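*Asks:* The following file, input14.txt, comprises compact mmCIF, C-alpha atoms:
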# COMPACT_ATOMS: atom_id res chain seq x y z
CA MET A 451 0.00 0.00 0.00
CA LYS A 452 3.05 2.28 0.14
CA LYS A 453 2.26 4.02 -3.14
CA LEU A 454 -1.51 3.74 -3.06
CA ILE A 455 -2.31 7.44 -2.63
CA SER A 456 0.31 8.47 -5.13
CA VAL A 457 -0.79 5.92 -7.68
CA LEU A 458 -4.40 7.00 -7.33
CA CYS A 459 -3.26 10.52 -8.19
CA VAL A 460 -1.56 9.15 -11.29
CA ILE A 461 -4.56 7.20 -12.46
CA LEU A 462 -7.16 9.86 -11.86
CA LEU A 463 -5.12 12.91 -12.79
CA PHE A 464 -2.24 11.69 -14.94
CA ALA A 465 -0.38 14.68 -13.52
CA SER A 466 3.42 15.14 -13.44
CA LEU A 467 4.90 18.10 -11.63
CA PHE A 468 8.62 17.36 -11.32
CA SER A 469 11.00 19.11 -13.66
CA THR A 470 14.48 17.83 -12.90
CA TYR A 471 16.75 16.46 -10.24
CA ALA A 472 20.35 17.11 -9.27
CA SER A 473 23.16 14.59 -9.25
CA SER A 474 23.57 12.50 -6.13
CA ILE A 475 25.54 13.87 -3.19
CA ASN A 476 26.33 11.54 -0.28
CA ASN A 477 23.71 9.08 -1.52
CA LYS A 478 21.04 11.80 -1.59
CA ILE A 479 19.56 13.89 -4.37
CA ASN A 480 17.68 17.16 -4.43
CA ILE A 481 14.54 16.90 -6.54
CA LYS A 482 13.20 20.11 -7.98
CA ILE A 483 9.42 20.31 -7.90
CA ASN A 484 7.07 23.03 -9.02
CA ASN A 485 7.64 26.64 -7.95
CA ASN A 486 11.41 25.99 -7.93
CA LYS A 487 11.31 24.19 -4.60
CA PHE A 488 13.51 21.27 -3.64
CA VAL A 489 13.00 18.16 -1.56
CA GLN A 490 15.89 15.89 -0.56
CA ILE A 491 15.58 12.12 -0.70
CA THR A 492 17.98 9.18 -0.61
CA ILE A 493 18.61 7.26 -3.81
CA SER A 494 17.41 4.02 -2.19
CA LYS A 495 14.13 5.68 -1.16
CA LEU A 496 13.67 7.08 -4.66
CA ASN A 497 14.22 3.64 -6.17
CA ASP A 498 11.72 2.21 -3.72
CA ILE A 499 9.16 4.76 -4.91
CA ILE A 500 9.87 4.17 -8.59
CA ASN A 501 9.90 0.35 -8.68
CA ILE A 502 6.41 -1.15 -8.78
CA THR A 503 5.94 -4.68 -7.44
CA ALA A 504 3.43 -7.20 -8.71
CA ASP A 505 1.15 -6.58 -5.71
CA GLU A 506 1.26 -2.83 -6.32
CA ALA A 507 0.53 -3.41 -10.00
CA VAL A 508 -2.62 -5.26 -8.97
CA GLU A 509 -3.64 -2.33 -6.74
CA ILE A 510 -3.10 0.05 -9.63
CA ALA A 511 -5.17 -2.10 -11.95
CA GLU A 512 -8.00 -2.37 -9.43
CA LEU A 513 -8.06 1.39 -8.93
CA PHE A 514 -8.06 1.88 -12.69
CA ILE A 515 -11.05 -0.46 -13.01
CA VAL A 516 -12.99 1.49 -10.38
CA ASP A 517 -12.31 4.73 -12.21
CA ALA A 518 -13.09 3.27 -15.65
CA MET A 519 -16.43 1.88 -14.44
CA LYS A 520 -17.71 5.46 -14.29
CA SER A 521 -18.01 5.32 -18.08
CA ASP A 522 -21.14 3.69 -19.48
CA SER A 523 -19.14 2.33 -22.43
CA ILE A 524 -16.97 0.12 -20.21
CA CYS A 525 -18.18 -3.41 -19.49
CA TRP A 526 -16.25 -3.79 -16.24
CA ASN A 527 -18.41 -4.00 -13.11
CA ASP A 528 -18.21 -4.93 -9.44
CA ASN A 529 -17.71 -8.57 -10.40
CA THR A 530 -14.58 -7.88 -12.44
CA LYS A 531 -11.65 -9.58 -10.72
CA VAL A 532 -7.95 -10.17 -11.20
CA VAL A 533 -7.29 -13.76 -12.24
CA ASN A 534 -3.58 -13.72 -13.15
CA VAL A 535 -0.49 -11.53 -13.04
CA ILE A 536 2.12 -12.08 -15.75
CA PRO A 537 5.48 -10.31 -15.47
CA MET A 538 6.94 -9.09 -18.74
CA TYR A 539 10.63 -8.42 -19.24
CA ASP A 540 13.03 -6.20 -21.12
CA ASN A 541 15.78 -7.55 -23.35
CA SER A 542 18.15 -7.85 -20.36
CA ASN A 543 15.78 -10.08 -18.36
CA LYS A 544 14.54 -7.36 -15.97
CA ILE A 545 10.84 -6.85 -15.32
CA ASN A 546 9.50 -4.02 -17.48
CA ALA A 547 5.73 -4.33 -16.91
CA TYR A 548 2.93 -6.60 -15.72
CA THR A 549 -0.09 -7.90 -17.57
CA ILE A 550 -3.01 -8.08 -15.15
CA GLU A 551 -5.48 -10.58 -16.58
CA LEU A 552 -9.08 -10.05 -15.53
CA THR A 553 -12.29 -11.99 -15.69
CA SER A 554 -12.94 -9.74 -18.68
CA GLY A 555 -10.08 -8.03 -20.45
CA TYR A 556 -6.64 -7.11 -19.15
CA ILE A 557 -4.51 -4.17 -18.03
CA VAL A 558 -0.80 -3.62 -18.67
CA VAL A 559 0.88 -1.82 -15.76
CA SER A 560 4.40 -0.47 -15.99
CA ALA A 561 6.97 -1.72 -13.48
CA PHE A 562 8.17 1.86 -13.01
CA LEU A 563 6.39 4.92 -11.63
CA ASP A 564 8.68 7.13 -13.74
CA ALA A 565 7.58 5.49 -17.00
CA GLU A 566 5.98 7.72 -19.60
CA HIS A 567 2.73 5.75 -19.32
CA LEU A 568 1.84 3.99 -16.07
CA ILE A 569 -0.90 2.06 -17.89
CA PRO A 570 0.20 1.87 -21.52
CA GLU A 571 -2.42 -0.61 -22.69
CA TRP A 572 -5.73 -2.10 -21.60
CA SER A 573 -8.93 -3.69 -22.83
CA ASP A 574 -12.16 -4.38 -21.00
CA GLU A 575 -12.98 -7.33 -23.27
CA GLY A 576 -10.00 -8.46 -25.37
CA GLU A 577 -7.11 -10.78 -24.66
CA PRO A 578 -3.48 -9.66 -24.14
CA LEU A 579 -1.72 -9.17 -27.46
CA PHE A 580 1.04 -11.64 -26.70
CA TYR A 581 -1.52 -14.45 -26.93
CA GLU A 582 -1.03 -14.09 -30.70
CA LEU A 583 2.46 -15.50 -30.14
CA ASN A 584 3.20 -19.19 -29.65
CA VAL A 585 3.92 -19.02 -25.93
CA SER A 586 4.91 -22.15 -24.01
CA THR A 587 4.72 -22.60 -20.25
CA ASP A 588 8.44 -21.93 -19.66
CA ASP A 589 8.70 -18.98 -22.07
CA LYS A 590 9.05 -15.38 -20.94
CA ILE A 591 7.24 -12.44 -22.48
CA ILE A 592 9.40 -9.52 -23.53
CA TYR A 593 7.60 -6.17 -23.57
CA LEU A 594 9.46 -3.08 -24.76
CA GLY A 595 6.59 -0.63 -25.18
CA GLY A 596 3.88 -0.11 -27.79
CA TYR A 597 3.28 -3.33 -29.68
CA GLU A 598 6.82 -4.56 -29.09
CA TYR A 599 5.94 -8.00 -27.70
CA TYR A 600 8.29 -10.95 -28.08
CA VAL A 601 8.42 -14.49 -26.75
CA ASP A 602 11.73 -15.52 -25.21
CA ASP A 603 12.43 -19.24 -25.05
CA GLY A 604 15.92 -18.77 -23.65
CA SER A 605 17.76 -18.69 -26.96
CA SER A 606 19.64 -15.69 -28.41
CA SER A 607 16.78 -14.78 -30.75
CA VAL A 608 13.13 -14.03 -30.14
CA GLN A 609 9.84 -14.12 -32.03
CA GLY A 610 7.78 -10.95 -32.16
CA LEU A 611 4.26 -10.07 -33.18
CA TYR A 612 5.47 -8.92 -36.57
CA THR A 613 9.01 -10.31 -36.79
CA ASN A 614 10.70 -13.69 -36.42
CA ASN A 615 14.15 -14.71 -35.22
CA VAL A 616 15.24 -11.30 -34.02
CA SER A 617 18.44 -11.14 -31.97
CA LYS A 618 17.78 -9.91 -28.43
CA ASN A 619 20.81 -7.65 -28.78
CA GLU A 620 19.02 -5.77 -31.57
CA LEU A 621 15.92 -5.01 -29.53
CA VAL A 622 15.26 -1.45 -28.33
CA ASN A 623 13.75 -0.95 -24.87
CA TYR A 624 11.39 1.95 -25.52
CA VAL A 625 10.01 1.72 -21.98
CA GLY A 626 13.47 2.31 -20.58
CA GLN A 627 14.13 5.18 -22.96
CA SER A 628 10.93 6.96 -21.93
CA ARG A 629 11.58 6.76 -18.20
CA ASN A 630 12.15 10.14 -16.59
CA ILE A 631 11.76 11.54 -13.11
CA SER A 632 9.54 14.26 -14.59
CA ASN A 633 6.87 11.57 -14.99
CA ILE A 634 6.51 11.09 -11.23
CA PRO A 635 3.64 12.97 -9.56
CA GLU A 636 4.68 15.37 -6.81
CA SER A 637 2.54 13.56 -4.25
CA ALA A 638 4.62 10.39 -4.60
CA ILE A 639 7.78 12.12 -3.40
CA LEU A 640 6.07 14.23 -0.75
CA ASN A 641 4.28 11.21 0.70
CA ALA A 642 7.63 9.44 0.90
CA THR A 643 9.24 12.29 2.81
CA THR A 644 6.66 12.56 5.57
CA ASN A 645 9.22 11.35 8.10
CA ILE A 646 11.18 14.58 7.84
CA SER A 647 12.62 15.39 11.23
CA PRO A 648 11.30 18.69 12.63
CA ASN A 649 14.91 19.36 13.72
CA SER A 650 16.41 19.05 10.25
CA VAL A 651 17.03 21.90 7.84
CA ILE A 652 14.00 22.59 5.68
CA LEU A 653 14.53 22.06 1.96
CA ASP A 654 10.87 22.18 0.98
CA PRO A 655 8.03 24.04 2.74
CA ILE A 656 5.32 21.76 1.33
CA GLY A 657 7.11 18.61 2.44
CA HIS A 658 7.82 20.08 5.88
CA ALA A 659 4.22 21.22 6.39
CA ASN A 660 2.83 17.89 5.18
CA ALA A 661 5.13 16.04 7.57
CA ASN A 662 4.40 18.13 10.63
CA TYR A 663 0.87 19.51 10.24
CA GLY A 664 -1.02 17.07 8.04
CA GLY A 665 -1.25 17.68 4.28
CA GLN A 666 -1.85 18.15 1.55
CA PHE A 667 -0.53 21.72 1.67
CA VAL A 668 -0.39 24.04 -1.33
CA TYR A 669 1.26 27.41 -1.90
CA THR A 670 -1.06 30.39 -1.36
CA TYR A 671 1.56 33.16 -1.45
CA GLN A 672 5.14 33.50 -2.65
CA ASN A 673 7.60 36.36 -2.86
CA ASP A 674 11.09 35.53 -4.05
CA ARG A 675 12.67 38.62 -5.59
CA TRP A 676 16.22 38.05 -4.37
CA GLU A 677 16.92 34.38 -5.06
CA ASN A 678 18.70 34.97 -8.38
CA TYR A 679 21.14 37.29 -6.62
CA MET A 680 22.04 35.14 -3.62
CA ASP A 681 25.53 33.63 -3.34
CA TYR A 682 24.84 31.44 -0.28
CA PHE A 683 28.15 32.23 1.34
CA THR A 684 28.71 29.90 4.30
CA VAL A 685 30.52 29.95 7.63
CA ASP A 686 33.04 27.44 6.28
CA TYR A 687 35.44 30.08 4.99
CA GLY A 688 35.47 31.91 8.31
CA LYS A 689 36.13 28.67 10.18
CA GLY A 690 39.05 27.96 7.91
CA VAL A 691 40.77 31.26 8.65
CA GLY A 692 40.28 31.33 12.40
CA TYR A 693 36.89 32.98 13.03
CA SER A 694 34.22 31.52 15.31
CA ASN A 695 30.67 32.40 16.31
CA HIS A 696 30.63 34.34 13.04
CA CYS A 697 27.14 33.63 11.67
CA GLY A 698 26.34 37.35 12.02
CA PRO A 699 29.16 38.59 9.75
CA THR A 700 28.36 35.70 7.39
CA ALA A 701 24.72 36.81 7.13
CA ILE A 702 25.74 40.44 6.57
CA THR A 703 28.15 39.25 3.89
CA ASN A 704 25.30 37.46 2.12
CA ILE A 705 23.16 40.61 2.21
CA ILE A 706 25.88 42.91 0.87
CA ALA A 707 26.86 40.35 -1.78
CA ALA A 708 23.24 40.13 -2.92
CA PHE A 709 23.10 43.94 -3.09
CA ARG A 710 26.30 43.94 -5.16
CA ASN A 711 24.90 41.29 -7.52
CA ARG A 712 21.60 43.07 -7.98
CA TYR A 713 22.75 46.69 -8.10
CA PRO A 714 26.35 46.59 -9.36
CA THR A 715 26.45 50.26 -10.35
CA ASN A 716 25.63 51.20 -6.74
CA ALA A 717 28.15 48.77 -5.27
CA ILE A 718 31.42 49.83 -6.88
CA ASN A 719 33.13 49.85 -3.47
CA VAL A 720 32.02 46.34 -2.53
CA PRO A 721 34.71 43.67 -3.06
CA SER A 722 33.97 41.15 -5.79
CA SER A 723 35.39 38.35 -3.66
CA ASN A 724 33.04 37.15 -0.93
CA ASN A 725 36.01 35.89 1.07
CA THR A 726 37.44 39.40 1.09
CA LEU A 727 34.03 40.90 1.81
CA PHE A 728 33.51 38.61 4.80
CA THR A 729 36.96 39.32 6.21
CA GLU A 730 36.42 43.07 5.97
CA ILE A 731 32.97 42.87 7.56
CA ALA A 732 34.14 40.60 10.37
CA ASN A 733 37.18 42.75 11.13
CA LEU A 734 35.04 45.89 11.02
CA GLY A 735 32.81 44.30 13.65
CA ILE A 736 35.78 43.35 15.81
CA SER A 737 37.39 46.78 15.63
CA ASN A 738 34.15 48.51 16.64
CA GLY A 739 33.09 46.01 19.29
CA TYR A 740 30.07 44.77 17.32
CA PHE A 741 31.39 41.24 16.92
CA SER A 742 33.89 38.99 18.66
CA ASN A 743 34.99 35.40 18.19
CA SER A 744 34.09 34.65 21.80
CA SER A 745 30.64 36.27 21.98
CA GLY A 746 29.50 36.47 18.38
CA THR A 747 27.46 39.44 17.14
CA LEU A 748 26.26 41.59 20.02
CA SER A 749 22.50 42.09 20.05
CA SER A 750 22.86 45.56 21.57
CA SER A 751 24.74 46.94 18.56
CA ARG A 752 23.49 45.03 15.53
CA GLU A 753 21.94 48.09 13.92
CA GLN A 754 25.16 50.09 14.44
CA TYR A 755 27.03 47.18 12.84
CA PHE A 756 24.91 47.48 9.70
CA GLU A 757 25.31 51.26 9.63
CA ALA A 758 29.10 50.87 9.84
CA VAL A 759 29.03 48.37 6.96
CA PHE A 760 26.89 50.71 4.85
CA ASP A 761 29.34 53.55 5.53
CA GLU A 762 32.31 51.32 4.70
CA TYR A 763 30.98 50.56 1.22
CA SER A 764 29.14 53.86 0.55
CA ILE A 765 25.75 52.15 0.47
CA ASP A 766 22.70 54.34 1.01
CA PRO A 767 19.66 52.15 1.76
CA TYR A 768 16.25 53.57 0.96
CA SER A 769 14.90 52.37 4.30
CA THR A 770 15.88 50.20 7.28
CA TYR A 771 13.87 49.05 10.28
CA SER A 772 14.04 46.68 13.22
CA ILE A 773 11.28 44.23 14.06
CA LEU A 774 11.40 43.65 17.79
CA SER A 775 7.72 43.19 18.60
CA HIS A 776 6.21 39.98 17.17
CA PRO A 777 9.12 39.11 14.83
CA ASP A 778 7.31 35.88 13.94
CA ASP A 779 4.29 37.78 12.55
CA VAL A 780 4.20 37.24 8.80
CA GLU A 781 2.40 40.55 8.25
CA GLU A 782 5.55 42.34 9.40
CA TYR A 783 7.31 41.05 6.30
CA LYS A 784 4.77 40.70 3.49
CA PHE A 785 4.44 44.40 2.73
CA PRO A 786 8.15 45.29 2.95
CA MET A 787 9.07 42.34 0.74
CA THR A 788 6.81 43.66 -2.00
CA TYR A 789 9.25 46.59 -2.03
CA ASN A 790 12.30 44.33 -2.31
CA ALA A 791 13.17 44.29 1.39
CA ILE A 792 15.70 41.72 2.54
CA PHE A 793 16.04 40.71 6.20
CA TYR A 794 18.72 39.76 8.66
CA VAL A 795 16.94 37.33 11.01
CA SER A 796 18.14 36.19 14.40
CA VAL A 797 16.85 33.00 16.05
CA ARG A 798 17.32 31.86 19.62
CA LYS A 799 17.22 28.29 20.97
CA HIS A 800 16.07 27.11 17.57
CA THR A 801 15.58 23.35 17.25
CA THR A 802 17.81 23.27 14.17
CA TYR A 803 20.00 26.36 14.32
CA SER A 804 20.25 27.02 18.08
CA ASP A 805 21.42 30.68 18.32
CA HIS A 806 22.03 31.75 14.76
CA ALA A 807 21.64 34.49 12.14
CA VAL A 808 20.31 33.95 8.61
CA VAL A 809 19.24 36.04 5.64
CA ALA A 810 15.53 35.97 4.76
CA TYR A 811 15.17 37.02 1.15
CA GLY A 812 11.77 35.55 0.28
CA LEU A 813 8.52 34.31 1.76
CA SER A 814 6.13 31.43 1.12
CA ILE A 815 2.76 30.81 2.73
CA VAL A 816 1.19 27.35 2.50
CA SER A 817 -2.27 26.15 3.50
CA ASN A 818 -4.10 22.85 3.57
CA GLN A 819 -7.68 21.74 3.07
CA ASN A 820 -8.37 22.15 6.80
CA GLY A 821 -7.49 25.84 6.78
CA ILE A 822 -4.12 25.39 8.52
CA THR A 823 -1.60 27.98 7.33
CA ARG A 824 2.17 27.99 7.80
CA ASN A 825 4.70 30.65 6.83
CA TYR A 826 8.27 30.08 5.66
CA PHE A 827 11.16 32.42 4.96
CA HIS A 828 13.40 31.61 2.02
CA ILE A 829 16.83 31.81 3.60
CA ALA A 830 20.55 31.73 3.09
CA ASP A 831 21.38 30.00 6.37
CA GLY A 832 25.16 30.19 6.19
CA TRP A 833 25.34 26.39 6.28
CA GLY A 834 24.26 25.33 2.81
CA VAL A 835 24.99 26.58 -0.69
CA SER A 836 21.40 26.38 -1.93
CA PRO A 837 18.00 27.70 -0.81
CA ARG A 838 16.68 26.61 2.55
CA TYR A 839 13.61 27.62 4.52
CA LEU A 840 12.81 28.81 8.01
CA GLU A 841 9.36 28.51 9.53
CA LEU A 842 8.14 31.67 11.22
CA ASN A 843 7.63 30.85 14.90
CA ASP A 844 8.50 32.12 18.35
CA MET A 845 12.13 31.04 17.97
CA ILE A 846 12.65 34.15 15.81
CA ASN A 847 13.61 36.92 18.20
CA TRP A 848 14.72 39.81 15.99
CA ALA A 849 14.77 40.92 12.38
CA TYR A 850 16.33 43.84 10.56
CA GLY A 851 14.89 44.83 7.21
CA ILE A 852 16.65 46.72 4.44
CA GLU A 853 15.17 48.27 1.31
CA PHE A 854 17.96 49.16 -1.08
CA MET A 855 15.86 50.71 -3.84
Rewrite the structure from the file as structure tokens, please.
*Replies:*
Amino acid sequence: MKKLISVLCVILLFASLFSTYASSINNKINIKINNNKFVQITISKLNDIINITADEAVEIAELFIVDAMKSDSICWNDNTKVVNVIPMYDNSNKINAYTIELTSGYIVVSAFLDAEHLIPEWSDEGEPLFYELNVSTDDKIIYLGGYEYYVDDGSSSVQGLYTNNVSKNELVNYVGQSRNISNIPESAILNATTNISPNSVILDPIGHANANYGGQFVYTYQNDRWENYMDYFTVDYGKGVGYSNHCGPTAITNIIAAFRNRYPTNAINVPSSNNTLFTEIANLGISNGYFSNSSGTLSSSREQYFEAVFDEYSIDPYSTYSILSHPDDVEEYKFPMTYNAIFYVSVRKHTTYSDHAVVAYGLSIVSNQNGITRNYFHIADGWGVSPRYLELNDMINWAYGIEFM
């Protein structure tokens, strides 16, 4: 039953929402879903989702029958039952699909959820096409897509519906060629990632909300005007050159780098190297008492720290403001972000970040069918080199907004 909900979505909707996925890193991959969001999953879990067993193929067929019975032209009814399951193979002896024989008709179900067609062929009255071949008890059926059926008696050549004595080495596996992760419905991946730890970094707001608050959540608001300008500078460089407790200077570096990337003509004094930029910002904090390796960024002088940085690089923000009261209130951010505001956000005793500073450059709001709404910042967290997300909650204790233009 592991893919039952996902498969139902495939049968009823035939909807695919994935666009691409990144190469594997440490046995995990980031899968890009709609709205440019990512969810991380292990390769073994992805393979488990993709590969359809014989029992699951039967479930898929039974769901398809129930849906097809809604049409008056279909002869299937409540008495239609599965009577046999026949695995069909590719030209390298791996299962490619299943023929589900019924009391009336049959259904071909792919062995892969990422196949172009989950149910490539069916009939509510006819027999499977391979019955036209001379199939013996010990023979295997080769199915390569379309009408590419062959009977394999164990020799090096096979007999097809329209050809005889074809070498197996000459066969083309069209099913394999059509497989693509873009064919998987979003729900299949999100349902598989419902065990996301609430203490882990958030790579996908929908997946996080589904896991922790009961899905299915959908996006109801998004603002992401800075993502194309973010460099995702991390604390790793600072660690390597002797700094510590330096998430504050790292976050400021990410903000100034984003400003440089977006408004280069107004940032002629900003170093092009982020390593240099960080070093200058960190040392500026040390020399003025805003930052130290022992205490980190002092909360009492964070605004002065920003003002010193702006002066250092001749940056004249249009507006700046602190959010001290209710910093977890999404309404404090929605309006400023429509005017390109970017935020330095401080969290305290956070379940993932402990005491930490991040850059919030975007905002997503998600809601489910029960009216539950959750809000997520799009962040550069100083730990990863790609977008991450921070749920707005009472662990956010301060934010500083900047409008550059």
*Asks:* What's around segment 842-855 of chain A at 6 Å? Count only C-alpha atoms, leave out sequence neighbours fewer than 5 positions away in its own chain, and write the answer as an MDAnalysis selection string.
*Replies:* chainID A and resid 767:774 777:778 791:798 800 825:826
*Asks:* Determine, counting only C-alpha atoms, which protein, DNA and RNA residues have an atom within 7 Å of an atom of segment 753-760 of chain A; residues of the same chain fewer than 3 positions away are not included. Present the result as a PyMOL selection string.
*Replies:* chain A and resi 731+735+740+763-766
*Asks:* Would you compute the distance between atom CA of Ala707 of chain A and atom CA of Ser744 of chain A? Give it in Å to one decimal.
*Replies:*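 Distance reported for this atom pair: 25.3 Å.
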*Asks:* Using all atoms listed in the file, which protein or nucleic acid residues come within 6 Å of segment 628-630 of chain A? Drop anything in the same chain fewer than 5 positions from it, and give the result as a PyMOL selection string.
*Replies:* chain A and resi 564-566
*Asks:* Write out as a PyMOL selection string the residues lying within 12 Å of Ser523 of chain A, counting all atoms listed in the file and excluding same-chain residues fewer than 6 positions away.
*Replies:* chain A and resi 573-575
*Asks:* With a distance cut-off of 8 Å and all atoms listed in the file, select the neighbouring residues of Ile550 of chain A, excluding the residue or stretch itself and same-chain residues fewer than 2 positions from it, and output the selection as a list in words.
*Replies:*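 Within the cut-off, the hits are Ala507, Val508, Ala511, Val532, Val533, Asn534, Val535, Ile536, Tyr548, Leu552, Tyr556, Ile557, Val558 and Val559 of chain A.
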*Asks:* What separation in Å, quoted to one decimal, exists between atom CA of Thr530 of chain A and atom CA of Thr553 of chain A?
*Replies:*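 Answer for the atom CA of Thr530 of chain A to atom CA of Thr553 of chain A separation: 5.7 Å.
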*Asks:* Could you check how far atom CA of Asn541 of chain A sits from atom CA of Pro635 of chain A, in Å to one decimal?
*Replies:* 27.5 Å
*Asks:* Can you work out which one of A:Ile515, A:Gly595, A:Ile656, A:Glu620 has the shortest atom-to-atom distance to Ser607 of chain A, counting only C-alpha atoms?
*Replies:* A:Glu620
*Asks:* Hey, could you make a per-residue contact list for segment 729-786 of chain A against segment 807-812 of chain A with 12 Å as the cut-off, showing the nearest pair of atoms and its distance in Å to one decimal, counting all atoms listed in the file, sorted by chain and number, as CSV?
*Replies:*
residue,atom,partner,partner_atom,distance
A:Gly746,CA,A:Ala807,CA,10.2
A:Thr747,CA,A:Ala807,CA,9.1
A:Leu748,CA,A:Ala807,CA,11.6
A:Ser749,CA,A:Ala807,CA,11.0
A:Arg752,CA,A:Ala807,CA,11.2
A:Val780,CA,A:Gly812,CA,11.5
A:Tyr783,CA,A:Gly812,CA,9.3
A:Lys784,CA,A:Gly812,CA,9.3
A:Phe785,CA,A:Gly812,CA,11.7
A:Pro786,CA,A:Gly812,CA,10.7
*Asks:* Add whatever atoms are absent from segment 490-508 of chain A to reach N, CA and C atoms, and provide the output as a compact mmCIF listing (two decimals), in the coordinates of the input.
*Replies:*
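File produced: result.txt:
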# COMPACT_ATOMS: atom_id res chain seq x y z
N GLN A 490 14.75 16.80 -0.55
CA GLN A 490 15.89 15.89 -0.56
C GLN A 490 15.42 14.49 -0.20
N ILE A 491 15.97 13.51 -0.92
CA ILE A 491 15.58 12.12 -0.70
C ILE A 491 16.77 11.23 -1.02
N THR A 492 16.88 10.10 -0.33
CA THR A 492 17.98 9.18 -0.61
C THR A 492 17.70 8.44 -1.92
N ILE A 493 18.76 7.99 -2.55
CA ILE A 493 18.61 7.26 -3.81
C ILE A 493 17.85 5.96 -3.58
N SER A 494 18.12 5.27 -2.47
CA SER A 494 17.41 4.02 -2.19
C SER A 494 15.92 4.25 -2.01
N LYS A 495 15.55 5.36 -1.34
CA LYS A 495 14.13 5.68 -1.16
C LYS A 495 13.49 6.02 -2.50
N LEU A 496 14.21 6.74 -3.35
CA LEU A 496 13.67 7.08 -4.66
C LEU A 496 13.43 5.81 -5.48
N ASN A 497 14.40 4.89 -5.44
CA ASN A 497 14.22 3.64 -6.17
C ASN A 497 13.04 2.85 -5.63
N ASP A 498 12.84 2.90 -4.33
CA ASP A 498 11.72 2.21 -3.72
C ASP A 498 10.40 2.79 -4.20
N ILE A 499 10.37 4.10 -4.40
CA ILE A 499 9.16 4.76 -4.91
C ILE A 499 8.93 4.37 -6.36
N ILE A 500 10.00 4.36 -7.14
CA ILE A 500 9.87 4.17 -8.59
C ILE A 500 9.48 2.74 -8.94
N ASN A 501 10.10 1.75 -8.29
CA ASN A 501 9.90 0.35 -8.68
C ASN A 501 8.55 -0.16 -8.18
N ILE A 502 7.75 -0.65 -9.09
CA ILE A 502 6.41 -1.15 -8.78
C ILE A 502 6.44 -2.67 -8.72
N THR A 503 5.98 -3.23 -7.60
CA THR A 503 5.94 -4.68 -7.44
C THR A 503 4.68 -5.24 -8.08
N ALA A 504 4.62 -6.56 -8.14
CA ALA A 504 3.43 -7.20 -8.71
C ALA A 504 2.18 -6.88 -7.89
N ASP A 505 2.31 -6.90 -6.56
CA ASP A 505 1.15 -6.58 -5.71
C ASP A 505 0.68 -5.15 -5.94
N GLU A 506 1.63 -4.23 -6.07
CA GLU A 506 1.26 -2.83 -6.32
C GLU A 506 0.63 -2.67 -7.70
N ALA A 507 1.12 -3.45 -8.67
CA ALA A 507 0.53 -3.41 -10.00
C ALA A 507 -0.93 -3.83 -9.95
N VAL A 508 -1.23 -4.83 -9.14
CA VAL A 508 -2.62 -5.26 -8.97
C VAL A 508 -3.46 -4.14 -8.36
